[in-house]
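Peer 1: The following file, coords.cif, comprises mmCIF, C-alpha atoms and all ligand atoms:
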```
data_model
#
loop_
_atom_site.group_PDB
_atom_site.id
_atom_site.type_symbol
_atom_site.label_atom_id
_atom_site.label_comp_id
_atom_site.auth_asym_id
_atom_site.auth_seq_id
_atom_site.Cartn_x
_atom_site.Cartn_y
_atom_site.Cartn_z
ATOM 1 C CA MET A 5 176.181 -28.715 -179.412
ATOM 2 C CA LYS A 6 176.609 -31.592 -176.999
ATOM 3 C CA THR A 7 179.856 -30.210 -175.623
ATOM 4 C CA TYR A 8 178.203 -26.846 -175.313
ATOM 5 C CA SER A 9 175.401 -28.037 -173.048
ATOM 6 C CA LYS A 10 177.868 -30.041 -171.000
ATOM 7 C CA ILE A 11 179.975 -26.928 -170.508
ATOM 8 C CA LEU A 12 176.871 -24.932 -169.629
ATOM 9 C CA THR A 13 175.888 -27.380 -166.910
ATOM 10 C CA LEU A 14 179.384 -27.327 -165.518
ATOM 11 C CA ILE A 15 179.531 -23.571 -165.549
ATOM 12 C CA ILE A 16 176.302 -23.407 -163.631
ATOM 13 C CA LEU A 17 177.712 -25.854 -161.102
ATOM 14 C CA ILE A 18 180.904 -23.889 -160.836
ATOM 15 C CA SER A 19 179.129 -20.567 -160.438
ATOM 16 C CA LEU A 20 177.173 -22.075 -157.573
ATOM 17 C CA PHE A 21 180.420 -23.331 -156.175
ATOM 18 C CA SER A 22 182.061 -19.924 -156.367
ATOM 19 C CA CYS A 23 179.072 -18.345 -154.609
ATOM 20 C CA GLY A 24 179.866 -20.569 -151.665
ATOM 21 C CA GLU A 25 176.897 -22.897 -152.150
ATOM 22 C CA ASN A 26 179.059 -25.963 -151.877
ATOM 23 C CA GLN A 27 176.040 -28.101 -151.091
ATOM 24 C CA GLU A 28 174.913 -28.053 -154.678
ATOM 25 C CA ILE A 29 178.147 -29.332 -156.115
ATOM 26 C CA LYS A 30 178.475 -32.003 -153.452
ATOM 27 C CA ASP A 31 175.180 -33.428 -154.669
ATOM 28 C CA ASN A 32 176.755 -33.974 -158.043
ATOM 29 C CA ASN A 33 180.282 -34.967 -157.174
ATOM 30 C CA SER A 34 181.926 -36.773 -154.330
ATOM 31 C CA ALA A 35 183.495 -34.658 -151.597
ATOM 32 C CA LYS A 36 186.910 -35.754 -152.846
ATOM 33 C CA SER A 37 186.163 -34.392 -156.301
ATOM 34 C CA ASP A 38 185.032 -31.123 -154.769
ATOM 35 C CA ASN A 39 188.430 -30.711 -153.224
ATOM 36 C CA LYS A 40 190.056 -31.515 -156.527
ATOM 37 C CA LEU A 41 187.961 -29.018 -158.465
ATOM 38 C CA ASN A 42 188.820 -26.437 -155.893
ATOM 39 C CA LYS A 43 192.509 -27.285 -156.041
ATOM 40 C CA TYR A 44 192.637 -26.991 -159.832
ATOM 41 C CA LEU A 45 190.596 -23.794 -159.790
ATOM 42 C CA GLU A 46 193.181 -22.251 -157.487
ATOM 43 C CA GLN A 47 196.049 -23.581 -159.566
ATOM 44 C CA GLY A 48 194.499 -22.167 -162.762
ATOM 45 C CA GLN A 49 194.039 -18.788 -161.101
ATOM 46 C CA LYS A 50 197.645 -18.747 -159.934
ATOM 47 C CA ILE A 51 199.050 -19.722 -163.320
ATOM 48 C CA SER A 52 196.951 -17.240 -165.310
ATOM 49 C CA ASP A 53 197.999 -14.457 -162.910
ATOM 50 C CA ILE A 54 201.673 -15.293 -163.425
ATOM 51 C CA TYR A 55 201.301 -15.339 -167.219
ATOM 52 C CA PHE A 56 199.326 -12.128 -167.304
ATOM 53 C CA ASN A 57 201.695 -10.266 -164.997
ATOM 54 C CA THR A 58 204.743 -11.430 -166.933
ATOM 55 C CA ILE A 59 203.311 -10.284 -170.269
ATOM 56 C CA ARG A 60 202.015 -7.034 -168.826
ATOM 57 C CA THR A 61 205.299 -6.144 -167.118
ATOM 58 C CA HIS A 62 207.272 -6.795 -170.302
ATOM 59 C CA LEU A 63 204.800 -4.805 -172.396
ATOM 60 C CA ILE A 64 204.944 -1.787 -170.107
ATOM 61 C CA GLU A 65 208.745 -1.990 -169.984
ATOM 62 C CA LYS A 66 209.060 -2.232 -173.768
ATOM 63 C CA MET A 67 206.456 0.433 -174.410
ATOM 64 C CA SER A 68 208.159 2.968 -172.152
ATOM 65 C CA SER A 69 211.703 2.317 -173.357
ATOM 66 C CA ASN A 70 210.984 1.703 -177.029
ATOM 67 C CA GLU A 71 208.395 2.585 -179.565
ATOM 68 C CA ILE A 72 205.231 0.494 -179.740
ATOM 69 C CA SER A 73 206.845 -1.405 -182.594
ATOM 70 C CA GLY A 74 209.461 -2.707 -180.128
ATOM 71 C CA ALA A 75 206.677 -4.006 -177.906
ATOM 72 C CA VAL A 76 204.894 -5.584 -180.883
ATOM 73 C CA GLU A 77 208.075 -7.362 -181.845
ATOM 74 C CA TYR A 78 208.474 -8.461 -178.256
ATOM 75 C CA CYS A 79 204.991 -10.015 -178.343
ATOM 76 C CA ASN A 80 205.645 -11.608 -181.679
ATOM 77 C CA GLU A 81 208.936 -13.161 -180.656
ATOM 78 C CA ASN A 82 208.182 -13.982 -177.066
ATOM 79 C CA ALA A 83 204.526 -14.896 -176.636
ATOM 80 C CA TYR A 84 205.279 -18.478 -177.652
ATOM 81 C CA LYS A 85 208.631 -18.783 -175.920
ATOM 82 C CA LEU A 86 207.012 -17.562 -172.723
ATOM 83 C CA THR A 87 204.087 -19.970 -172.828
ATOM 84 C CA ASP A 88 206.464 -22.811 -173.731
ATOM 85 C CA SER A 89 208.827 -22.210 -170.821
ATOM 86 C CA LEU A 90 205.987 -21.679 -168.363
ATOM 87 C CA ASN A 91 204.204 -24.764 -169.718
ATOM 88 C CA LYS A 92 207.288 -26.809 -168.863
ATOM 89 C CA GLU A 93 207.610 -25.224 -165.446
ATOM 90 C CA PHE A 94 204.030 -26.013 -164.447
ATOM 91 C CA ASN A 95 203.471 -29.127 -166.540
ATOM 92 C CA VAL A 96 200.275 -27.681 -167.904
ATOM 93 C CA TYR A 97 199.108 -26.509 -171.285
ATOM 94 C CA VAL A 98 198.396 -22.784 -171.421
ATOM 95 C CA LYS A 99 196.944 -20.853 -174.298
ATOM 96 C CA ARG A 100 195.484 -17.416 -175.007
ATOM 97 C CA THR A 101 192.759 -17.538 -177.569
ATOM 98 C CA SER A 102 190.003 -15.362 -178.988
ATOM 99 C CA LEU A 103 187.195 -15.085 -181.544
ATOM 100 C CA LYS A 104 189.031 -12.063 -183.007
ATOM 101 C CA LEU A 105 192.513 -13.303 -183.684
ATOM 102 C CA ARG A 106 195.741 -11.529 -184.334
ATOM 103 C CA ASN A 107 197.882 -14.648 -184.670
ATOM 104 C CA PRO A 108 195.991 -17.470 -186.458
ATOM 105 C CA ASN A 109 198.120 -19.970 -184.494
ATOM 106 C CA ASN A 110 196.138 -18.975 -181.393
ATOM 107 C CA ALA A 111 192.861 -20.161 -182.963
ATOM 108 C CA PRO A 112 190.309 -21.643 -180.528
ATOM 109 C CA ASN A 113 189.395 -25.330 -180.641
ATOM 110 C CA GLU A 114 185.747 -26.413 -180.528
ATOM 111 C CA ARG A 115 185.171 -26.193 -176.819
ATOM 112 C CA GLU A 116 187.076 -22.905 -176.582
ATOM 113 C CA THR A 117 184.857 -21.499 -179.347
ATOM 114 C CA ASP A 118 181.771 -22.678 -177.439
ATOM 115 C CA ILE A 119 182.811 -21.013 -174.223
ATOM 116 C CA LEU A 120 183.878 -17.788 -176.003
ATOM 117 C CA ASN A 121 180.430 -17.597 -177.621
ATOM 118 C CA TYR A 122 178.790 -18.336 -174.292
ATOM 119 C CA TYR A 123 180.798 -15.575 -172.569
ATOM 120 C CA GLU A 124 179.841 -13.127 -175.364
ATOM 121 C CA GLN A 125 176.159 -13.976 -174.832
ATOM 122 C CA LEU A 126 176.412 -13.382 -171.086
ATOM 123 C CA LEU A 127 178.226 -10.098 -171.660
ATOM 124 C CA ALA A 128 175.555 -8.958 -174.124
ATOM 125 C CA LYS A 129 172.965 -9.587 -171.390
ATOM 126 C CA GLY A 130 175.028 -7.456 -169.026
ATOM 127 C CA GLU A 131 175.978 -10.392 -166.818
ATOM 128 C CA LYS A 132 179.246 -10.742 -164.962
ATOM 129 C CA LEU A 133 181.692 -13.322 -166.315
ATOM 130 C CA ASN A 134 183.416 -15.708 -163.936
ATOM 131 C CA ASP A 135 186.438 -17.899 -164.398
ATOM 132 C CA SER A 136 185.584 -21.603 -164.456
ATOM 133 C CA ILE A 137 187.059 -24.995 -163.755
ATOM 134 C CA ILE A 138 185.764 -27.920 -165.763
ATOM 135 C CA ARG A 139 186.556 -31.601 -165.343
ATOM 136 C CA LEU A 140 187.471 -33.086 -168.720
ATOM 137 C CA SER A 141 188.203 -36.583 -167.401
ATOM 138 C CA ASP A 142 189.181 -38.263 -164.124
ATOM 139 C CA THR A 143 192.646 -36.759 -164.336
ATOM 140 C CA LYS A 144 192.243 -33.766 -166.631
ATOM 141 C CA TYR A 145 190.974 -30.334 -165.660
ATOM 142 C CA TRP A 146 190.384 -27.264 -167.757
ATOM 143 C CA TYR A 147 190.562 -23.735 -166.374
ATOM 144 C CA VAL A 148 189.080 -20.841 -168.358
ATOM 145 C CA LYS A 149 189.326 -17.169 -167.537
ATOM 146 C CA PRO A 150 187.863 -14.284 -169.539
ATOM 147 C CA ILE A 151 190.355 -11.633 -170.732
ATOM 148 C CA PHE A 152 188.985 -8.105 -171.016
ATOM 149 C CA ALA A 153 190.379 -5.231 -173.056
ATOM 150 C CA GLN A 154 191.888 -2.546 -170.811
ATOM 151 C CA GLY A 155 193.371 0.898 -171.436
ATOM 152 C CA LEU A 156 196.880 -0.393 -172.109
ATOM 153 C CA CYS A 157 195.563 -2.804 -174.742
ATOM 154 C CA GLN A 158 194.156 0.018 -176.883
ATOM 155 C CA ASN A 159 197.679 0.820 -178.106
ATOM 156 C CA CYS A 160 197.623 -2.351 -180.158
ATOM 157 C CA HIS A 161 194.013 -3.606 -180.136
ATOM 158 C CA GLY A 162 192.052 -0.324 -180.362
ATOM 159 C CA ASN A 163 191.207 1.921 -183.304
ATOM 160 C CA VAL A 164 193.667 2.498 -186.111
ATOM 161 C CA GLY A 165 194.173 6.240 -186.546
ATOM 162 C CA SER A 166 193.121 7.071 -182.974
ATOM 163 C CA THR A 167 194.522 4.735 -180.283
ATOM 164 C CA ILE A 168 196.849 2.914 -182.723
ATOM 165 C CA SER A 169 198.888 5.138 -185.045
ATOM 166 C CA GLU A 170 198.883 4.271 -188.742
ATOM 167 C CA LYS A 171 202.642 3.785 -188.504
ATOM 168 C CA ASN A 172 202.397 1.288 -185.650
ATOM 169 C CA TYR A 173 199.598 -0.559 -187.342
ATOM 170 C CA GLU A 174 201.821 -1.060 -190.371
ATOM 171 C CA VAL A 175 204.245 -2.951 -188.117
ATOM 172 C CA ILE A 176 201.398 -5.098 -186.795
ATOM 173 C CA LYS A 177 199.950 -5.772 -190.241
ATOM 174 C CA LYS A 178 203.318 -6.808 -191.580
ATOM 175 C CA LEU A 179 203.662 -9.483 -188.907
ATOM 176 C CA TYR A 180 199.962 -10.382 -188.860
ATOM 177 C CA PRO A 181 198.426 -9.803 -192.303
ATOM 178 C CA LYS A 182 195.139 -11.415 -191.208
ATOM 179 C CA ASP A 183 194.800 -9.387 -187.993
ATOM 180 C CA GLU A 184 191.224 -9.163 -186.647
ATOM 181 C CA ALA A 185 192.119 -8.058 -183.119
ATOM 182 C CA ILE A 186 191.389 -4.336 -183.401
ATOM 183 C CA ASN A 187 188.506 -1.963 -182.590
ATOM 184 C CA LEU A 188 188.228 -3.313 -179.066
ATOM 185 C CA LYS A 189 186.794 -0.998 -176.454
ATOM 186 C CA GLN A 190 187.676 -1.070 -172.795
ATOM 187 C CA GLY A 191 185.624 -3.810 -171.135
ATOM 188 C CA ASP A 192 185.106 -5.825 -174.334
ATOM 189 C CA LEU A 193 185.886 -9.516 -174.167
ATOM 190 C CA ARG A 194 189.325 -9.819 -175.747
ATOM 191 C CA GLY A 195 189.570 -13.574 -175.318
ATOM 192 C CA ILE A 196 190.249 -16.270 -172.728
ATOM 193 C CA TRP A 197 193.076 -17.947 -170.903
ATOM 194 C CA SER A 198 192.640 -21.638 -171.553
ATOM 195 C CA ILE A 199 194.658 -23.843 -169.201
ATOM 196 C CA GLU A 200 194.646 -27.631 -169.235
ATOM 197 C CA MET A 201 196.057 -29.387 -166.199
ATOM 198 C CA GLU A 202 196.725 -33.062 -165.897
ATOM 199 C CA GLU A 203 196.879 -34.814 -162.584
ATOM 200 C CA LYS A 204 200.044 -36.812 -162.042
ATOM 201 C CA THR A 205 199.369 -40.377 -160.984
ATOM 202 C CA ASP A 206 201.917 -42.783 -159.483
ATOM 203 C CA LYS A 207 200.909 -45.535 -161.872
HETATM 204 C C1 LIG A 301 202.458 -3.594 -177.940
HETATM 205 C C2 LIG A 301 201.281 -4.113 -178.582
HETATM 206 C C3 LIG A 301 200.305 -4.906 -177.778
HETATM 207 C C4 LIG A 301 199.677 -4.519 -176.629
HETATM 208 C C5 LIG A 301 199.843 -3.241 -175.847
HETATM 209 C C6 LIG A 301 198.760 -5.611 -176.299
HETATM 210 N N1 LIG A 301 198.835 -6.616 -177.226
HETATM 211 FE FE1 LIG A 301 197.742 -8.308 -177.290
HETATM 212 N N2 LIG A 301 198.786 -8.949 -178.869
HETATM 213 C C7 LIG A 301 199.789 -8.232 -179.498
HETATM 214 C C8 LIG A 301 200.441 -9.094 -180.478
HETATM 215 C C9 LIG A 301 201.601 -8.699 -181.382
HETATM 216 C C10 LIG A 301 199.793 -10.351 -180.403
HETATM 217 C C11 LIG A 301 200.113 -11.617 -181.163
HETATM 218 C C12 LIG A 301 201.045 -12.465 -180.307
HETATM 219 C C13 LIG A 301 201.336 -13.806 -180.925
HETATM 220 O O1 LIG A 301 201.956 -13.822 -181.996
HETATM 221 O O2 LIG A 301 200.923 -14.825 -180.333
HETATM 222 C C14 LIG A 301 198.768 -10.219 -179.379
HETATM 223 C C15 LIG A 301 197.916 -11.246 -179.023
HETATM 224 C C16 LIG A 301 196.995 -11.186 -178.019
HETATM 225 C C17 LIG A 301 196.121 -12.280 -177.631
HETATM 226 C C18 LIG A 301 196.134 -13.709 -178.181
HETATM 227 C C19 LIG A 301 195.066 -13.964 -179.217
HETATM 228 C C20 LIG A 301 195.388 -13.455 -180.602
HETATM 229 O O3 LIG A 301 194.618 -12.600 -181.065
HETATM 230 O O4 LIG A 301 196.380 -13.896 -181.232
HETATM 231 C C21 LIG A 301 195.344 -11.813 -176.598
HETATM 232 C C22 LIG A 301 194.264 -12.576 -175.847
HETATM 233 C C23 LIG A 301 195.765 -10.437 -176.351
HETATM 234 N N3 LIG A 301 196.749 -10.088 -177.238
HETATM 235 C C24 LIG A 301 195.241 -9.641 -175.350
HETATM 236 C C25 LIG A 301 195.772 -8.420 -174.994
HETATM 237 C C26 LIG A 301 195.336 -7.665 -173.812
HETATM 238 C C27 LIG A 301 194.225 -8.093 -172.863
HETATM 239 C C28 LIG A 301 196.114 -6.549 -173.761
HETATM 240 C C29 LIG A 301 196.112 -5.472 -172.705
HETATM 241 C C30 LIG A 301 196.383 -5.895 -171.343
HETATM 242 C C31 LIG A 301 197.034 -6.592 -174.899
HETATM 243 N N4 LIG A 301 196.795 -7.747 -175.611
HETATM 244 C C32 LIG A 301 197.956 -5.612 -175.194
HETATM 245 C C33 LIG A 301 200.145 -6.927 -179.262
HETATM 246 C C34 LIG A 301 199.773 -6.221 -178.142
#
```
If you took the structure in this file and wrote it as structure tokens, what would it be?
Ligand code: HEC

Peer 2:
Amino acid sequence: MKTYSKILTLIILISLFSCGENQEIKDNNSAKSDNKLNKYLEQGQKISDIYFNTIRTHLIEKMSSNEISGAVEYCNENAYKLTDSLNKEFNVYVKRTSLKLRNPNNAPNERETDILNYYEQLLAKGEKLNDSIIRLSDTKYWYVKPIFAQGLCQNCHGNVGSTISEKNYEVIKKLYPKDEAINLKQGDLRGIWSIEMEEKTDK
């Protein structure tokens, strides 16, 4: 619960920040830290865009040239390889996680669970969700971005028998017997990008 309220406070600060009311955040952090938060926010945004576009491009490619099963296998074999190679490239730790998991290895940790629940609450109230940057320590920053279900996602995360064929779902179930990531409607919260960035020091 403690982490939760800490995250809440930070989110409020960050929302103020993203509305351009920099004054508020300067009252709570030094000007130098403001610049840092801003820098890591931008870096998180850039990295999540690259990841998302890479996955999306591959999915569309696979889905148009192969059957959905080819795209599912692509996801299964490559989701980790991709995050691993990009993690090395950027020297950050990137993860996609959710409250409704397909792959149990993507399970959220405590603070990810807290923020996912918080995002769900905001969504239920009809509020807009923003991405956030949170300082974890003097050198560690955490970027979080909500992931929404879109049209393309319905092929694998929608309804079995309507947007996902029974045949394709068999392929998914075989690879992910504990799958919970179905029945998502467009606009539902599918999960979050969770990106940890560590500042390099000369010491
Ligand atoms: C071709 C099928 C397919 C499509 C289309 C698809 N996904 Fe997935 N998705 C998967 C598979 C398979 C996994 C498990 C990957 C793994 O093993 O890490 C997955 C995992 C995820 C995860 C990680 C959390 C978890 O449940 O393991 C998120 C988040 C996610 N998908 C979001 C989306 C979004 C958003 C879209 C639409 C832009 C989308 N997916 C489209 C098949 C698909």

Peer 1: For Leu45 in chain A, please output as a ChimeraX atom specification all residues within 7 Å (counting all atoms listed in the file; exclusion window: fewer than 4 positions along the same chain).

Peer 2: /A:41,49,137,147

Peer 1: Counting only C-alpha atoms, which residue out of A:Leu133, A:Ala111, A:Val175, A:Ile199 sits closest to Val148 in chain A?

Peer 2: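 Among the listed residues, the smallest separation from Val148 in chain A belongs to A:Ile199.
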
Peer 1: Write out as JSON lines a residue-level contact list of chain A versus ligand LIG 301 (chain A) with cut-off 7 Å: for each qualifying residue the closest pair of atoms and the distance in Å to one decimal, counting all atoms listed in the file, rows sorted by chain and residue number upward.

Peer 2:
```
{"residue": "A:Arg60", "atom": "CA", "partner": "A:LIG301", "partner_atom": "C30", "distance": 6.3}
{"residue": "A:Leu63", "atom": "CA", "partner": "A:LIG301", "partner_atom": "C1", "distance": 6.1}
{"residue": "A:Met67", "atom": "CA", "partner": "A:LIG301", "partner_atom": "C1", "distance": 6.7}
{"residue": "A:Ile72", "atom": "CA", "partner": "A:LIG301", "partner_atom": "C1", "distance": 5.3}
{"residue": "A:Ser73", "atom": "CA", "partner": "A:LIG301", "partner_atom": "C1", "distance": 6.8}
{"residue": "A:Ala75", "atom": "CA", "partner": "A:LIG301", "partner_atom": "C1", "distance": 4.2}
{"residue": "A:Val76", "atom": "CA", "partner": "A:LIG301", "partner_atom": "C1", "distance": 4.3}
{"residue": "A:Glu77", "atom": "CA", "partner": "A:LIG301", "partner_atom": "C9", "distance": 6.6}
{"residue": "A:Cys79", "atom": "CA", "partner": "A:LIG301", "partner_atom": "C9", "distance": 4.7}
{"residue": "A:Asn80", "atom": "CA", "partner": "A:LIG301", "partner_atom": "O1", "distance": 4.3}
{"residue": "A:Ala83", "atom": "CA", "partner": "A:LIG301", "partner_atom": "O2", "distance": 5.2}
{"residue": "A:Tyr84", "atom": "CA", "partner": "A:LIG301", "partner_atom": "O2", "distance": 6.3}
{"residue": "A:Arg100", "atom": "CA", "partner": "A:LIG301", "partner_atom": "C18", "distance": 4.9}
{"residue": "A:Thr101", "atom": "CA", "partner": "A:LIG301", "partner_atom": "C19", "distance": 4.6}
{"residue": "A:Ser102", "atom": "CA", "partner": "A:LIG301", "partner_atom": "C19", "distance": 5.3}
{"residue": "A:Lys104", "atom": "CA", "partner": "A:LIG301", "partner_atom": "O3", "distance": 5.9}
{"residue": "A:Leu105", "atom": "CA", "partner": "A:LIG301", "partner_atom": "O3", "distance": 3.4}
{"residue": "A:Arg106", "atom": "CA", "partner": "A:LIG301", "partner_atom": "O3", "distance": 3.6}
{"residue": "A:Asn107", "atom": "CA", "partner": "A:LIG301", "partner_atom": "O4", "distance": 3.8}
{"residue": "A:Pro108", "atom": "CA", "partner": "A:LIG301", "partner_atom": "O4", "distance": 6.3}
{"residue": "A:Asn110", "atom": "CA", "partner": "A:LIG301", "partner_atom": "O4", "distance": 5.1}
{"residue": "A:Ile151", "atom": "CA", "partner": "A:LIG301", "partner_atom": "C27", "distance": 5.7}
{"residue": "A:Phe152", "atom": "CA", "partner": "A:LIG301", "partner_atom": "C27", "distance": 5.6}
{"residue": "A:Ala153", "atom": "CA", "partner": "A:LIG301", "partner_atom": "C27", "distance": 4.8}
{"residue": "A:Gln154", "atom": "CA", "partner": "A:LIG301", "partner_atom": "C29", "distance": 5.5}
{"residue": "A:Leu156", "atom": "CA", "partner": "A:LIG301", "partner_atom": "C29", "distance": 5.2}
{"residue": "A:Cys157", "atom": "CA", "partner": "A:LIG301", "partner_atom": "C29", "distance": 3.4}
{"residue": "A:Gln158", "atom": "CA", "partner": "A:LIG301", "partner_atom": "C5", "distance": 6.6}
{"residue": "A:Asn159", "atom": "CA", "partner": "A:LIG301", "partner_atom": "C5", "distance": 5.1}
{"residue": "A:Cys160", "atom": "CA", "partner": "A:LIG301", "partner_atom": "C2", "distance": 4.4}
{"residue": "A:His161", "atom": "CA", "partner": "A:LIG301", "partner_atom": "N1", "distance": 6.4}
{"residue": "A:Ile176", "atom": "CA", "partner": "A:LIG301", "partner_atom": "C9", "distance": 6.5}
{"residue": "A:Ala185", "atom": "CA", "partner": "A:LIG301", "partner_atom": "O3", "distance": 5.6}
{"residue": "A:Arg194", "atom": "CA", "partner": "A:LIG301", "partner_atom": "C22", "distance": 5.7}
{"residue": "A:Gly195", "atom": "CA", "partner": "A:LIG301", "partner_atom": "C22", "distance": 4.8}
{"residue": "A:Ile196", "atom": "CA", "partner": "A:LIG301", "partner_atom": "C22", "distance": 6.3}
```

Peer 1: From the set A:Lys132, A:Ile119, A:Leu103, A:Asp142, which residue has the shortest atom-to-atom contact distance to Glu184 in chain A, counting only C-alpha atoms?

Peer 2: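 Once distances to Glu184 in chain A are computed over only C-alpha atoms, the minimum belongs to A:Leu103.
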
Peer 1: Can you measure CA of Thr143 in chain A to CA of Glu203 in chain A for me? One decimal in Å is fine.

Peer 2: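 Going from CA of Thr143 in chain A over to CA of Glu203 in chain A covers 5.0 Å.
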
Peer 1: Work out how far apart CA of Glu174 in chain A and CA of Tyr55 in chain A are and give it in Å to one decimal.

Peer 2: 27.2 Å

Peer 1: Hey, what comes out of the PyMOL selection byres (((chain A and resi 97) around 6) and not hetatm) on this file? Could you write it as a PDB file with C-alpha atoms, keeping the file's coordinate frame?

Peer 2:
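Everything below was put into part_18.pdb:
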```pdb
ATOM      1  CA  ASN A  91     204.204 -24.764-169.718  1.00  0.00           C
ATOM      2  CA  VAL A  96     200.275 -27.681-167.904  1.00  0.00           C
ATOM      3  CA  VAL A  98     198.396 -22.784-171.421  1.00  0.00           C
ATOM      4  CA  ILE A 199     194.658 -23.843-169.201  1.00  0.00           C
ATOM      5  CA  GLU A 200     194.646 -27.631-169.235  1.00  0.00           C
TER       6      GLU A 200
END
```

Peer 1: Kindly reconstruct range 179-192 of chain A with N, CA and C atoms and present the result as a short mmCIF file (atom, residue, chain, number, x, y, z; two decimals), in the frame of the given file.

Peer 2:
```
data_model
loop_
_atom_site.label_atom_id
_atom_site.label_comp_id
_atom_site.auth_asym_id
_atom_site.auth_seq_id
_atom_site.Cartn_x
_atom_site.Cartn_y
_atom_site.Cartn_z
N LEU A 179 203.46 -8.22 -189.61
CA LEU A 179 203.66 -9.48 -188.91
C LEU A 179 202.40 -10.34 -188.92
N TYR A 180 201.24 -9.67 -188.93
CA TYR A 180 199.96 -10.38 -188.86
C TYR A 180 199.02 -9.88 -189.95
N PRO A 181 199.23 -10.33 -191.18
CA PRO A 181 198.43 -9.80 -192.30
C PRO A 181 196.93 -10.06 -192.13
N LYS A 182 196.57 -11.10 -191.35
CA LYS A 182 195.14 -11.42 -191.21
C LYS A 182 194.55 -10.88 -189.91
N ASP A 183 195.22 -9.89 -189.31
CA ASP A 183 194.80 -9.39 -187.99
C ASP A 183 193.32 -9.00 -187.92
N GLU A 184 192.63 -9.54 -186.89
CA GLU A 184 191.22 -9.16 -186.65
C GLU A 184 191.07 -8.54 -185.27
N ALA A 185 192.20 -8.45 -184.53
CA ALA A 185 192.12 -8.06 -183.12
C ALA A 185 192.24 -6.55 -182.92
N ILE A 186 191.41 -5.79 -183.62
CA ILE A 186 191.39 -4.34 -183.40
C ILE A 186 189.96 -3.88 -183.11
N ASN A 187 189.81 -2.58 -182.89
CA ASN A 187 188.51 -1.96 -182.59
C ASN A 187 187.90 -2.45 -181.29
N LEU A 188 188.75 -2.88 -180.36
CA LEU A 188 188.23 -3.31 -179.07
C LEU A 188 188.12 -2.13 -178.12
N LYS A 189 186.99 -2.07 -177.44
CA LYS A 189 186.79 -1.00 -176.45
C LYS A 189 187.10 -1.56 -175.07
N GLN A 190 187.42 -0.65 -174.16
CA GLN A 190 187.68 -1.07 -172.80
C GLN A 190 186.46 -1.86 -172.27
N GLY A 191 186.71 -3.01 -171.68
CA GLY A 191 185.62 -3.81 -171.14
C GLY A 191 185.11 -4.86 -172.10
N ASP A 192 185.49 -4.77 -173.38
CA ASP A 192 185.11 -5.82 -174.33
C ASP A 192 185.82 -7.12 -173.97
#
```
